[in-house]
Each structure stands twice: as structure tokens, then as C-alpha cells.
$ cat protein17.pdb   # PDB, C-alpha atoms, pLDDT in the B column
ATOM      1  CA  SER A 130     104.034  87.545  72.503  1.00 43.00           C
ATOM      2  CA  GLN A 131     103.723  91.198  71.671  1.00 47.00           C
ATOM      3  CA  GLN A 132     100.489  93.040  72.317  1.00 58.00           C
ATOM      4  CA  GLY A 133     100.629  94.966  69.099  1.00 63.00           C
ATOM      5  CA  GLU A 134     102.508  96.977  66.612  1.00 79.00           C
ATOM      6  CA  GLU A 135     104.294 100.274  66.691  1.00 84.00           C
ATOM      7  CA  ASP A 136     104.981 102.410  63.713  1.00 86.00           C
ATOM      8  CA  PRO A 137     107.121 103.625  62.327  1.00 92.00           C
ATOM      9  CA  GLN A 138     109.861 101.178  63.285  1.00 92.00           C
ATOM     10  CA  ALA A 139     112.386 103.975  62.827  1.00 95.00           C
ATOM     11  CA  LEU A 140     112.051 107.740  62.617  1.00 96.00           C
ATOM     12  CA  SER A 141     114.764 110.239  61.745  1.00 97.00           C
ATOM     13  CA  ILE A 142     114.158 113.961  62.199  1.00 97.00           C
ATOM     14  CA  GLN A 143     115.968 117.250  62.762  1.00 97.00           C
ATOM     15  CA  GLU A 144     116.125 119.047  66.087  1.00 98.00           C
ATOM     16  CA  GLY A 145     113.122 121.269  66.582  1.00 97.00           C
ATOM     17  CA  GLU A 146     110.780 119.085  64.571  1.00 98.00           C
ATOM     18  CA  ASN A 147     107.920 117.103  66.080  1.00 98.00           C
ATOM     19  CA  ALA A 148     108.019 113.318  66.295  1.00 97.00           C
ATOM     20  CA  THR A 149     104.911 111.160  66.240  1.00 97.00           C
ATOM     21  CA  MET A 150     104.887 107.470  67.074  1.00 96.00           C
ATOM     22  CA  ASN A 151     101.885 105.178  66.911  1.00 96.00           C
ATOM     23  CA  CYS A 152     100.976 102.057  68.802  1.00 95.00           C
ATOM     24  CA  SER A 153      98.204  99.538  68.278  1.00 95.00           C
ATOM     25  CA  TYR A 154      97.137  96.822  70.671  1.00 92.00           C
ATOM     26  CA  LYS A 155      94.793  93.863  70.645  1.00 90.00           C
ATOM     27  CA  THR A 156      92.968  93.415  73.951  1.00 87.00           C
ATOM     28  CA  SER A 157      91.006  95.509  76.427  1.00 87.00           C
ATOM     29  CA  ILE A 158      93.288  97.465  78.696  1.00 87.00           C
ATOM     30  CA  ASN A 159      93.427  99.217  82.054  1.00 86.00           C
ATOM     31  CA  ASN A 160      95.994 101.677  80.835  1.00 89.00           C
ATOM     32  CA  LEU A 161      98.670 102.268  78.255  1.00 92.00           C
ATOM     33  CA  GLN A 162     102.131 103.480  79.125  1.00 93.00           C
ATOM     34  CA  TRP A 163     105.010 104.879  77.123  1.00 96.00           C
ATOM     35  CA  TYR A 164     108.639 104.201  77.966  1.00 96.00           C
ATOM     36  CA  ARG A 165     111.962 105.395  76.610  1.00 97.00           C
ATOM     37  CA  GLN A 166     115.118 103.301  76.376  1.00 96.00           C
ATOM     38  CA  ASN A 167     118.563 104.638  75.628  1.00 93.00           C
ATOM     39  CA  SER A 168     121.058 102.295  73.960  1.00 83.00           C
ATOM     40  CA  GLY A 169     120.008  98.987  75.502  1.00 71.00           C
ATOM     41  CA  ARG A 170     119.756 100.352  79.027  1.00 82.00           C
ATOM     42  CA  GLY A 171     116.817 100.319  81.404  1.00 87.00           C
ATOM     43  CA  LEU A 172     113.432 101.737  80.520  1.00 93.00           C
ATOM     44  CA  VAL A 173     112.360 105.168  81.691  1.00 95.00           C
ATOM     45  CA  HIS A 174     108.675 105.715  82.315  1.00 94.00           C
ATOM     46  CA  LEU A 175     107.300 108.672  80.346  1.00 96.00           C
ATOM     47  CA  ILE A 176     103.548 108.777  80.741  1.00 95.00           C
ATOM     48  CA  LEU A 177     100.541 106.639  81.663  1.00 93.00           C
ATOM     49  CA  ILE A 178      97.102 107.127  80.154  1.00 94.00           C
ATOM     50  CA  ARG A 179      94.094 105.335  81.596  1.00 91.00           C
ATOM     51  CA  SER A 180      91.538 103.576  79.451  1.00 90.00           C
ATOM     52  CA  ASN A 181      88.920 106.242  80.230  1.00 93.00           C
ATOM     53  CA  GLU A 182      91.213 109.095  79.184  1.00 95.00           C
ATOM     54  CA  ARG A 183      91.584 110.352  75.642  1.00 97.00           C
ATOM     55  CA  GLU A 184      94.545 112.699  75.866  1.00 98.00           C
ATOM     56  CA  LYS A 185      97.304 113.479  78.322  1.00 97.00           C
ATOM     57  CA  HIS A 186     100.162 115.952  78.368  1.00 97.00           C
ATOM     58  CA  SER A 187     103.479 115.981  80.170  1.00 96.00           C
ATOM     59  CA  GLY A 188     105.946 118.698  79.238  1.00 97.00           C
ATOM     60  CA  ARG A 189     106.757 118.254  75.544  1.00 98.00           C
ATOM     61  CA  LEU A 190     104.891 114.944  75.415  1.00 98.00           C
ATOM     62  CA  ARG A 191     101.326 114.483  74.270  1.00 98.00           C
ATOM     63  CA  VAL A 192      99.662 111.086  74.304  1.00 98.00           C
ATOM     64  CA  THR A 193      96.319 110.185  72.817  1.00 98.00           C
ATOM     65  CA  LEU A 194      94.334 107.006  73.283  1.00 97.00           C
ATOM     66  CA  ASP A 195      91.513 105.693  71.119  1.00 97.00           C
ATOM     67  CA  THR A 196      90.124 102.570  72.743  1.00 95.00           C
ATOM     68  CA  SER A 197      87.605 102.028  69.925  1.00 95.00           C
ATOM     69  CA  LYS A 198      90.501 101.669  67.487  1.00 95.00           C
ATOM     70  CA  LYS A 199      92.822 100.125  70.079  1.00 95.00           C
ATOM     71  CA  SER A 200      95.501 102.635  69.263  1.00 96.00           C
ATOM     72  CA  SER A 201      97.622 105.320  70.868  1.00 97.00           C
ATOM     73  CA  SER A 202     100.033 107.940  69.680  1.00 97.00           C
ATOM     74  CA  LEU A 203     102.954 109.709  71.316  1.00 98.00           C
ATOM     75  CA  LEU A 204     103.883 113.168  70.110  1.00 98.00           C
ATOM     76  CA  ILE A 205     107.178 114.749  71.132  1.00 98.00           C
ATOM     77  CA  THR A 206     107.216 118.430  70.270  1.00 98.00           C
ATOM     78  CA  ALA A 207     110.297 120.519  69.553  1.00 98.00           C
ATOM     79  CA  SER A 208     112.545 117.475  69.650  1.00 98.00           C
ATOM     80  CA  ARG A 209     116.126 117.612  70.892  1.00 97.00           C
ATOM     81  CA  ALA A 210     119.152 115.461  70.163  1.00 97.00           C
ATOM     82  CA  ALA A 211     118.802 114.109  73.711  1.00 96.00           C
ATOM     83  CA  ASP A 212     115.430 112.600  72.723  1.00 97.00           C
ATOM     84  CA  THR A 213     117.281 110.071  70.560  1.00 97.00           C
ATOM     85  CA  ALA A 214     116.210 106.700  71.961  1.00 97.00           C
ATOM     86  CA  SER A 215     113.842 103.781  71.455  1.00 96.00           C
ATOM     87  CA  TYR A 216     110.254 104.388  72.502  1.00 97.00           C
ATOM     88  CA  PHE A 217     107.926 101.608  73.587  1.00 96.00           C
ATOM     89  CA  CYS A 218     104.257 101.470  74.343  1.00 95.00           C
ATOM     90  CA  ALA A 219     103.134  98.982  76.951  1.00 94.00           C
ATOM     91  CA  THR A 220      99.686  97.883  77.948  1.00 91.00           C
ATOM     92  CA  ASP A 221      98.315  96.744  81.267  1.00 84.00           C
ATOM     93  CA  ALA A 222      95.824  94.392  79.733  1.00 74.00           C
ATOM     94  CA  ARG A 223      93.556  93.093  82.462  1.00 69.00           C
ATOM     95  CA  ALA A 224      90.648  95.490  82.234  1.00 55.00           C
ATOM     96  CA  GLY A 225      88.744  95.959  85.464  1.00 57.00           C
ATOM     97  CA  GLY A 226      91.335  94.286  87.624  1.00 58.00           C
ATOM     98  CA  THR A 227      95.067  93.991  87.929  1.00 62.00           C
ATOM     99  CA  SER A 228      97.379  92.215  85.545  1.00 68.00           C
ATOM    100  CA  TYR A 229      99.693  91.521  88.465  1.00 75.00           C
ATOM    101  CA  GLY A 230     102.712  93.372  87.215  1.00 79.00           C
ATOM    102  CA  LYS A 231     102.542  92.242  83.609  1.00 86.00           C
ATOM    103  CA  LEU A 232     103.059  94.842  80.937  1.00 90.00           C
ATOM    104  CA  THR A 233     102.885  93.811  77.298  1.00 91.00           C
ATOM    105  CA  PHE A 234     105.228  95.816  75.095  1.00 93.00           C
ATOM    106  CA  GLY A 235     105.195  96.800  71.467  1.00 91.00           C
ATOM    107  CA  GLN A 236     108.255  96.351  69.295  1.00 92.00           C
ATOM    108  CA  GLY A 237     109.281  99.966  69.694  1.00 94.00           C
ATOM    109  CA  THR A 238     110.166 102.924  67.514  1.00 95.00           C
ATOM    110  CA  ILE A 239     113.787 103.995  67.148  1.00 96.00           C
ATOM    111  CA  LEU A 240     113.888 107.785  67.108  1.00 97.00           C
ATOM    112  CA  THR A 241     116.983 109.618  65.903  1.00 97.00           C
ATOM    113  CA  VAL A 242     117.087 113.383  66.294  1.00 97.00           C
ATOM    114  CA  HIS A 243     119.859 115.072  64.328  1.00 97.00           C
ATOM    115  CA  PRO A 244     121.366 118.255  65.767  1.00 93.00           C
TER
ATOM    116  CA  LYS B 282     114.928 107.710  96.791  1.00 67.00           C
ATOM    117  CA  ALA B 283     117.311 105.188  95.245  1.00 81.00           C
ATOM    118  CA  GLY B 284     116.160 103.535  92.037  1.00 93.00           C
ATOM    119  CA  VAL B 285     115.933  99.896  91.103  1.00 96.00           C
ATOM    120  CA  THR B 286     119.310  98.217  91.155  1.00 97.00           C
ATOM    121  CA  GLN B 287     120.348  95.061  89.357  1.00 97.00           C
ATOM    122  CA  THR B 288     123.449  92.980  89.777  1.00 97.00           C
ATOM    123  CA  PRO B 289     125.552  92.007  88.024  1.00 97.00           C
ATOM    124  CA  ARG B 290     125.346  94.398  85.101  1.00 96.00           C
ATOM    125  CA  TYR B 291     127.149  92.092  82.703  1.00 97.00           C
ATOM    126  CA  LEU B 292     127.596  88.359  82.706  1.00 96.00           C
ATOM    127  CA  ILE B 293     129.142  85.824  80.369  1.00 98.00           C
ATOM    128  CA  LYS B 294     128.237  82.181  80.812  1.00 98.00           C
ATOM    129  CA  THR B 295     128.706  78.953  78.906  1.00 98.00           C
ATOM    130  CA  ARG B 296     125.919  76.764  77.557  1.00 98.00           C
ATOM    131  CA  GLY B 297     124.671  74.335  80.165  1.00 98.00           C
ATOM    132  CA  GLN B 298     125.614  76.503  83.132  1.00 98.00           C
ATOM    133  CA  GLN B 299     123.144  78.228  85.392  1.00 98.00           C
ATOM    134  CA  VAL B 300     122.934  81.855  86.387  1.00 98.00           C
ATOM    135  CA  THR B 301     121.335  83.928  89.138  1.00 98.00           C
ATOM    136  CA  LEU B 302     120.443  87.575  88.676  1.00 98.00           C
ATOM    137  CA  SER B 303     119.505  89.928  91.477  1.00 98.00           C
ATOM    138  CA  CYS B 304     117.150  92.873  91.699  1.00 98.00           C
ATOM    139  CA  SER B 305     116.610  95.333  94.545  1.00 98.00           C
ATOM    140  CA  PRO B 306     113.403  97.334  94.172  1.00 96.00           C
ATOM    141  CA  ILE B 307     112.742 100.895  95.170  1.00 95.00           C
ATOM    142  CA  SER B 308     112.299 101.158  98.916  1.00 93.00           C
ATOM    143  CA  GLY B 309     108.682 100.497  99.830  1.00 90.00           C
ATOM    144  CA  HIS B 310     107.829  98.754  96.570  1.00 92.00           C
ATOM    145  CA  ARG B 311     106.572  95.224  97.067  1.00 91.00           C
ATOM    146  CA  SER B 312     106.029  94.112  93.481  1.00 92.00           C
ATOM    147  CA  VAL B 313     108.913  93.028  91.275  1.00 95.00           C
ATOM    148  CA  SER B 314     108.480  92.018  87.643  1.00 94.00           C
ATOM    149  CA  TRP B 315     111.104  90.506  85.370  1.00 97.00           C
ATOM    150  CA  TYR B 316     111.392  90.920  81.615  1.00 97.00           C
ATOM    151  CA  GLN B 317     113.637  89.505  78.919  1.00 97.00           C
ATOM    152  CA  GLN B 318     114.626  91.726  76.009  1.00 96.00           C
ATOM    153  CA  THR B 319     116.069  90.306  72.805  1.00 95.00           C
ATOM    154  CA  PRO B 320     116.370  91.810  69.315  1.00 91.00           C
ATOM    155  CA  GLY B 321     114.112  89.133  67.862  1.00 89.00           C
ATOM    156  CA  GLN B 322     111.356  88.842  70.472  1.00 91.00           C
ATOM    157  CA  GLY B 323     111.492  92.286  72.022  1.00 92.00           C
ATOM    158  CA  LEU B 324     110.448  92.766  75.631  1.00 95.00           C
ATOM    159  CA  GLN B 325     108.724  89.757  77.121  1.00 96.00           C
ATOM    160  CA  PHE B 326     107.300  89.309  80.602  1.00 95.00           C
ATOM    161  CA  LEU B 327     108.853  86.537  82.660  1.00 96.00           C
ATOM    162  CA  PHE B 328     107.117  86.680  86.053  1.00 93.00           C
ATOM    163  CA  GLU B 329     106.000  88.908  88.881  1.00 93.00           C
ATOM    164  CA  TYR B 330     106.388  88.582  92.627  1.00 93.00           C
ATOM    165  CA  PHE B 331     104.517  90.354  95.374  1.00 91.00           C
ATOM    166  CA  SER B 332     105.129  89.748  99.064  1.00 90.00           C
ATOM    167  CA  GLU B 333     107.234  86.674  98.297  1.00 93.00           C
ATOM    168  CA  THR B 334     104.512  85.088  96.133  1.00 92.00           C
ATOM    169  CA  GLN B 335     104.623  84.597  92.386  1.00 92.00           C
ATOM    170  CA  ARG B 336     101.355  86.038  91.125  1.00 88.00           C
ATOM    171  CA  ASN B 337     101.892  85.968  87.390  1.00 88.00           C
ATOM    172  CA  LYS B 338     104.062  84.081  84.946  1.00 91.00           C
ATOM    173  CA  GLY B 339     104.844  84.513  81.269  1.00 92.00           C
ATOM    174  CA  ASN B 340     105.367  81.850  78.632  1.00 93.00           C
ATOM    175  CA  PHE B 341     108.862  80.738  79.420  1.00 96.00           C
ATOM    176  CA  PRO B 342     110.156  77.222  80.075  1.00 97.00           C
ATOM    177  CA  GLY B 343     110.649  75.924  83.581  1.00 96.00           C
ATOM    178  CA  ARG B 344     114.380  76.634  83.330  1.00 98.00           C
ATOM    179  CA  PHE B 345     113.446  80.190  84.244  1.00 98.00           C
ATOM    180  CA  SER B 346     112.530  80.600  87.878  1.00 97.00           C
ATOM    181  CA  GLY B 347     112.525  83.300  90.477  1.00 97.00           C
ATOM    182  CA  ARG B 348     111.906  84.148  94.061  1.00 97.00           C
ATOM    183  CA  GLN B 349     111.378  87.108  96.299  1.00 97.00           C
ATOM    184  CA  PHE B 350     112.655  87.656  99.783  1.00 97.00           C
ATOM    185  CA  SER B 351     110.961  89.268 102.756  1.00 96.00           C
ATOM    186  CA  ASN B 352     112.767  92.560 102.040  1.00 95.00           C
ATOM    187  CA  SER B 353     111.247  92.504  98.507  1.00 95.00           C
ATOM    188  CA  ARG B 354     114.579  91.841  96.828  1.00 97.00           C
ATOM    189  CA  SER B 355     114.170  89.343  94.030  1.00 98.00           C
ATOM    190  CA  GLU B 356     116.331  86.885  92.192  1.00 98.00           C
ATOM    191  CA  MET B 357     115.804  85.057  88.961  1.00 98.00           C
ATOM    192  CA  ASN B 358     117.581  81.901  87.994  1.00 98.00           C
ATOM    193  CA  VAL B 359     118.109  80.342  84.608  1.00 98.00           C
ATOM    194  CA  SER B 360     119.329  76.771  84.580  1.00 96.00           C
ATOM    195  CA  THR B 361     120.904  74.827  81.722  1.00 97.00           C
ATOM    196  CA  LEU B 362     121.639  77.947  79.733  1.00 98.00           C
ATOM    197  CA  GLU B 363     121.081  77.981  75.988  1.00 98.00           C
ATOM    198  CA  LEU B 364     122.502  80.349  73.396  1.00 97.00           C
ATOM    199  CA  GLY B 365     119.027  81.826  72.948  1.00 97.00           C
ATOM    200  CA  ASP B 366     119.015  82.970  76.564  1.00 98.00           C
ATOM    201  CA  SER B 367     121.453  85.718  75.666  1.00 98.00           C
ATOM    202  CA  ALA B 368     119.495  88.860  76.400  1.00 97.00           C
ATOM    203  CA  LEU B 369     119.068  91.944  78.508  1.00 97.00           C
ATOM    204  CA  TYR B 370     117.167  90.994  81.648  1.00 98.00           C
ATOM    205  CA  LEU B 371     115.244  93.828  83.188  1.00 97.00           C
ATOM    206  CA  CYS B 372     113.480  94.003  86.486  1.00 97.00           C
ATOM    207  CA  ALA B 373     110.899  96.559  87.460  1.00 95.00           C
ATOM    208  CA  SER B 374     109.316  97.455  90.754  1.00 94.00           C
ATOM    209  CA  SER B 375     106.031  99.083  91.563  1.00 90.00           C
ATOM    210  CA  ASN B 376     103.727  99.763  94.441  1.00 82.00           C
ATOM    211  CA  LEU B 377     100.676  97.816  93.360  1.00 67.00           C
ATOM    212  CA  ALA B 378      98.887  98.548  96.603  1.00 60.00           C
ATOM    213  CA  GLY B 379      97.619 101.591  94.732  1.00 49.00           C
ATOM    214  CA  GLY B 380      95.625  99.535  92.246  1.00 59.00           C
ATOM    215  CA  PRO B 381      96.098  98.531  88.607  1.00 60.00           C
ATOM    216  CA  ASP B 382      97.058 101.966  87.259  1.00 68.00           C
ATOM    217  CA  THR B 383     100.559 101.863  88.596  1.00 77.00           C
ATOM    218  CA  GLU B 384     103.792 102.726  86.874  1.00 85.00           C
ATOM    219  CA  GLN B 385     106.677 100.320  86.807  1.00 89.00           C
ATOM    220  CA  TYR B 386     110.181 101.575  87.483  1.00 92.00           C
ATOM    221  CA  PHE B 387     112.913  99.707  85.681  1.00 95.00           C
ATOM    222  CA  GLY B 388     116.452  98.905  86.646  1.00 96.00           C
ATOM    223  CA  PRO B 389     119.424  99.231  84.260  1.00 95.00           C
ATOM    224  CA  GLY B 390     119.301  95.556  83.364  1.00 96.00           C
ATOM    225  CA  THR B 391     121.716  92.657  83.364  1.00 97.00           C
ATOM    226  CA  ARG B 392     123.281  91.844  80.009  1.00 97.00           C
ATOM    227  CA  LEU B 393     123.689  88.061  79.816  1.00 98.00           C
ATOM    228  CA  THR B 394     125.776  86.533  77.075  1.00 98.00           C
ATOM    229  CA  VAL B 395     125.763  82.757  76.643  1.00 98.00           C
ATOM    230  CA  THR B 396     128.624  81.276  74.628  1.00 97.00           C
TER
END

$ encode --input "protein17.pdb" --output "C-alpha cells"
Amino acid sequence: SQQGEEDPQALSIQEGENATMNCSYKTSINNLQWYRQNSGRGLVHLILIRSNEREKHSGRLRVTLDTSKKSSSLLITASRAADTASYFCATDARAGGTSYGKLTFGQGTILTVHP
Amino acid sequence: KAGVTQTPRYLIKTRGQQVTLSCSPISGHRSVSWYQQTPGQGLQFLFEYFSETQRNKGNFPGRFSGRQFSNSRSEMNVSTLELGDSALYLCASSNLAGGPDTEQYFGPGTRLTVT
């Protein structure tokens, strides 16, 4: 079963614009991770934010985490056509210990960036 | 460092047959997780192996099984295939010796089609 919801389900923007995707989850977590998937291929790890962190940056990516609302957002700034992909949040849900390799994924957001 | 490799990349099987998929983790990684991705159910955790032991299992029927070898390579097997088993099967490796906040690195997946 899915941990939570992502919205929007699909997002279409022009190159240079910012893209924001949101993720909600249901249980206490150790961390939340964001992944990218191109056209049904493998997942590429983008960023991990720990439960005691509120914001994290990596290049053009900015992730926020609000554990009181059980939600996270991924912001991609100055988007490029190459950012076109599906984006998934995933939670490591066994707070205080290890979930033994189990990540629980959201349904994903399909991002299309038009050149 | 070579990434996670999965073989075969594509597979077509008939209902009732069985199939074995293989995953070679990143060198030095001892944890291998398997996921099933379908359009309807999204990404779902199958199981995780660490040092040849299954430590975690998702909610899949007993037709889905796996194992891990002493070199950390892993296989998963699906017996008595059903049409609903058609999916992208992804494996991921990680070095969980570092604790729960560990990224997973995914392979390109095996696309299984059951006819």
C-alpha cells in the first residue's frame, strides 16, 4: 500500500519556470527521499531529508519537510527540458530504528518541461 | 564504481510459468531490496535481503520469493505467473551498515510481460 499522496499528479511547465511537487505521508518516519524516474526506467536518487531537518538544498533542488503536517515538497528551480520525468517521494517509516530496506513510495508526479 | 545491474532487462512469459530475475548490487553493498512497479499499484516493496537473510517482506503472495548469495547478488523468483504479475521489477542496493538514513541505489529494472 502507498504511504501517501503526491500532488499534483501531473505538472506541465515551460523551461526556466519553477516546479513544485508535494508529498504527504501517514506514519512517523526516519527520513523522506525523493527519486526521479525517466520513462519507466530505474529510479535515480535525488535527495534525502532526515526527520529532524526542515529544509535541504542540492543544486537546483530544494526540499522541505514538515513532520507536524506529515508533508514534504520538492522545488526544482529554473527547470530544463531534461528534468522531464516522474518524481516520487519515498519514506523510510520505522522511526528510531531501521525499516530494513523498505521504502514506501507515493504515486508520483509526472513533470513535463516544454522547451 | 559500477551501478546496480539487473538481468534480463526484458522478459516475456506465459501464464503458469515461473521466472527468475537477477540483481547484482553495487560493490560493497550488502542490502538488496526488490520492488514491483505497476501503473495501478505504483511502486510496492517485495522484500529485502542482507547478508543472505531476508529481513523484511512486503504483502505479496508466497509465489514471490527471493534469495541472496554470499557475494550479495540476489535473485527473485515468481512461480505460477499470472497476468497481473506483468510489471517493472526493480532492485535496489544500499549499505545499511551506516544506519537507517541510507540511500537506495536502483537498477534499470526488468520489464516482465505475462501473456

$ residues_around --input "protein17.pdb" --residues "range 141-151 of chain A" --least-positions-apart "4" --cutoff "12 Å" --atoms "all atoms listed in the file" --output "ChimeraX atom specification"
/A:133-137,163-164,189-195,198-219,235-244

$ interface_residues --input "protein17.pdb" --of "chain B" --to "chain A" --cutoff "9 Å" --atoms "all atoms listed in the file" --output "PyMOL selection string"
chain B and resi 312-315+322-331+336-340+369+371-375+377+380-390

$ atom_distance --input "protein17.pdb" --atom1 "CA of Val359 in chain B" --atom2 "CA of Ser346 in chain B"
6.5 Å

$ atom_distance --input "protein17.pdb" --atom1 "CA of Ser187 in chain A" --atom2 "CA of Thr286 in chain B"
26.2 Å

$ residues_around --input "protein17.pdb" --residues "Gly309 in chain B" --least-positions-apart "2" --cutoff "9 Å" --atoms "only C-alpha atoms" --output "PyMOL selection string"
chain B and resi 306-307+311+353+375-376

$ write_last_selection --input "protein17.pdb" --atoms "C-alpha atoms" --output "short mmCIF file (atom, residue, chain, number, x, y, z; two decimals), in the frame of the given file"
data_model
loop_
_atom_site.label_atom_id
_atom_site.label_comp_id
_atom_site.auth_asym_id
_atom_site.auth_seq_id
_atom_site.Cartn_x
_atom_site.Cartn_y
_atom_site.Cartn_z
CA PRO B 306 113.40 97.33 94.17
CA ILE B 307 112.74 100.90 95.17
CA ARG B 311 106.57 95.22 97.07
CA SER B 353 111.25 92.50 98.51
CA SER B 375 106.03 99.08 91.56
CA ASN B 376 103.73 99.76 94.44
#

$ atom_distance --input "protein17.pdb" --atom1 "CA of Ser355 in chain B" --atom2 "CA of Val300 in chain B"
13.8 Å

$ resolve_selection --input "protein17.pdb" --expression "the PyMOL selection byres ((chain B and resi 365) around 10)" --output "ChimeraX atom specification"
/B:296,319,362-364,366-368,394-396

$ resolve_selection --input "protein17.pdb" --expression "the PyMOL selection byres ((chain B and resi 391) around 8)" --output "VMD selection string"
chain B and resid 287 to 292 302 369 to 371 389 to 390 392 to 393

$ write_last_selection --input "protein17.pdb" --atoms "C-alpha atoms" --output "JSON list (two decimals), in the frame of the given file"
[["chain", "number", "residue", "atom", "x", "y", "z"],
["B", 287, "GLN", "CA", 120.35, 95.06, 89.36],
["B", 288, "THR", "CA", 123.45, 92.98, 89.78],
["B", 289, "PRO", "CA", 125.55, 92.01, 88.02],
["B", 290, "ARG", "CA", 125.35, 94.40, 85.10],
["B", 291, "TYR", "CA", 127.15, 92.09, 82.70],
["B", 292, "LEU", "CA", 127.60, 88.36, 82.71],
["B", 302, "LEU", "CA", 120.44, 87.58, 88.68],
["B", 369, "LEU", "CA", 119.07, 91.94, 78.51],
["B", 370, "TYR", "CA", 117.17, 90.99, 81.65],
["B", 371, "LEU", "CA", 115.24, 93.83, 83.19],
["B", 389, "PRO", "CA", 119.42, 99.23, 84.26],
["B", 390, "GLY", "CA", 119.30, 95.56, 83.36],
["B", 392, "ARG", "CA", 123.28, 91.84, 80.01],
["B", 393, "LEU", "CA", 123.69, 88.06, 79.82]]

$ decode --input "protein17.pdb" --residues "range 152-193 of chain A" --atoms "C-alpha atoms" --output "tab-separated table (two decimals), in the first residue's frame"
chain	number	residue	atom	x	y	z
A	152	CYS	CA	4.01	14.72	-0.88
A	153	SER	CA	2.03	13.67	2.16
A	154	TYR	CA	2.59	10.59	4.27
A	155	LYS	CA	0.85	8.81	7.11
A	156	THR	CA	3.29	7.40	9.66
A	157	SER	CA	6.31	8.55	11.65
A	158	ILE	CA	9.45	8.45	9.57
A	159	ASN	CA	13.23	8.29	9.81
A	160	ASN	CA	13.67	10.18	6.59
A	161	LEU	CA	12.00	11.11	3.35
A	162	GLN	CA	13.66	10.72	-0.01
A	163	TRP	CA	12.91	11.99	-3.48
A	164	TYR	CA	13.60	9.99	-6.62
A	165	ARG	CA	13.34	10.66	-10.33
A	166	GLN	CA	12.34	8.12	-12.96
A	167	ASN	CA	12.68	8.59	-16.69
A	168	SER	CA	10.27	6.70	-18.95
A	169	GLY	CA	9.80	3.52	-16.93
A	170	ARG	CA	13.49	3.07	-16.20
A	171	GLY	CA	15.25	2.77	-12.86
A	172	LEU	CA	14.93	5.35	-10.12
A	173	VAL	CA	17.60	7.97	-9.55
A	174	HIS	CA	18.09	9.19	-6.01
A	175	LEU	CA	17.81	12.98	-5.74
A	176	ILE	CA	17.88	13.96	-2.10
A	177	LEU	CA	17.31	12.61	1.41
A	178	ILE	CA	15.97	14.72	4.26
A	179	ARG	CA	16.03	13.42	7.82
A	180	SER	CA	13.07	13.70	10.14
A	181	ASN	CA	14.88	16.31	12.26
A	182	GLU	CA	15.65	18.52	9.26
A	183	ARG	CA	13.30	21.13	7.87
A	184	GLU	CA	14.95	22.12	4.61
A	185	LYS	CA	17.68	20.82	2.36
A	186	HIS	CA	19.23	22.04	-0.86
A	187	SER	CA	21.07	20.26	-3.64
A	188	GLY	CA	21.88	22.25	-6.75
A	189	ARG	CA	18.57	23.39	-8.25
A	190	LEU	CA	16.60	21.22	-5.82
A	191	ARG	CA	15.08	22.41	-2.57
A	192	VAL	CA	13.23	20.04	-0.28
A	193	THR	CA	11.21	20.95	2.77
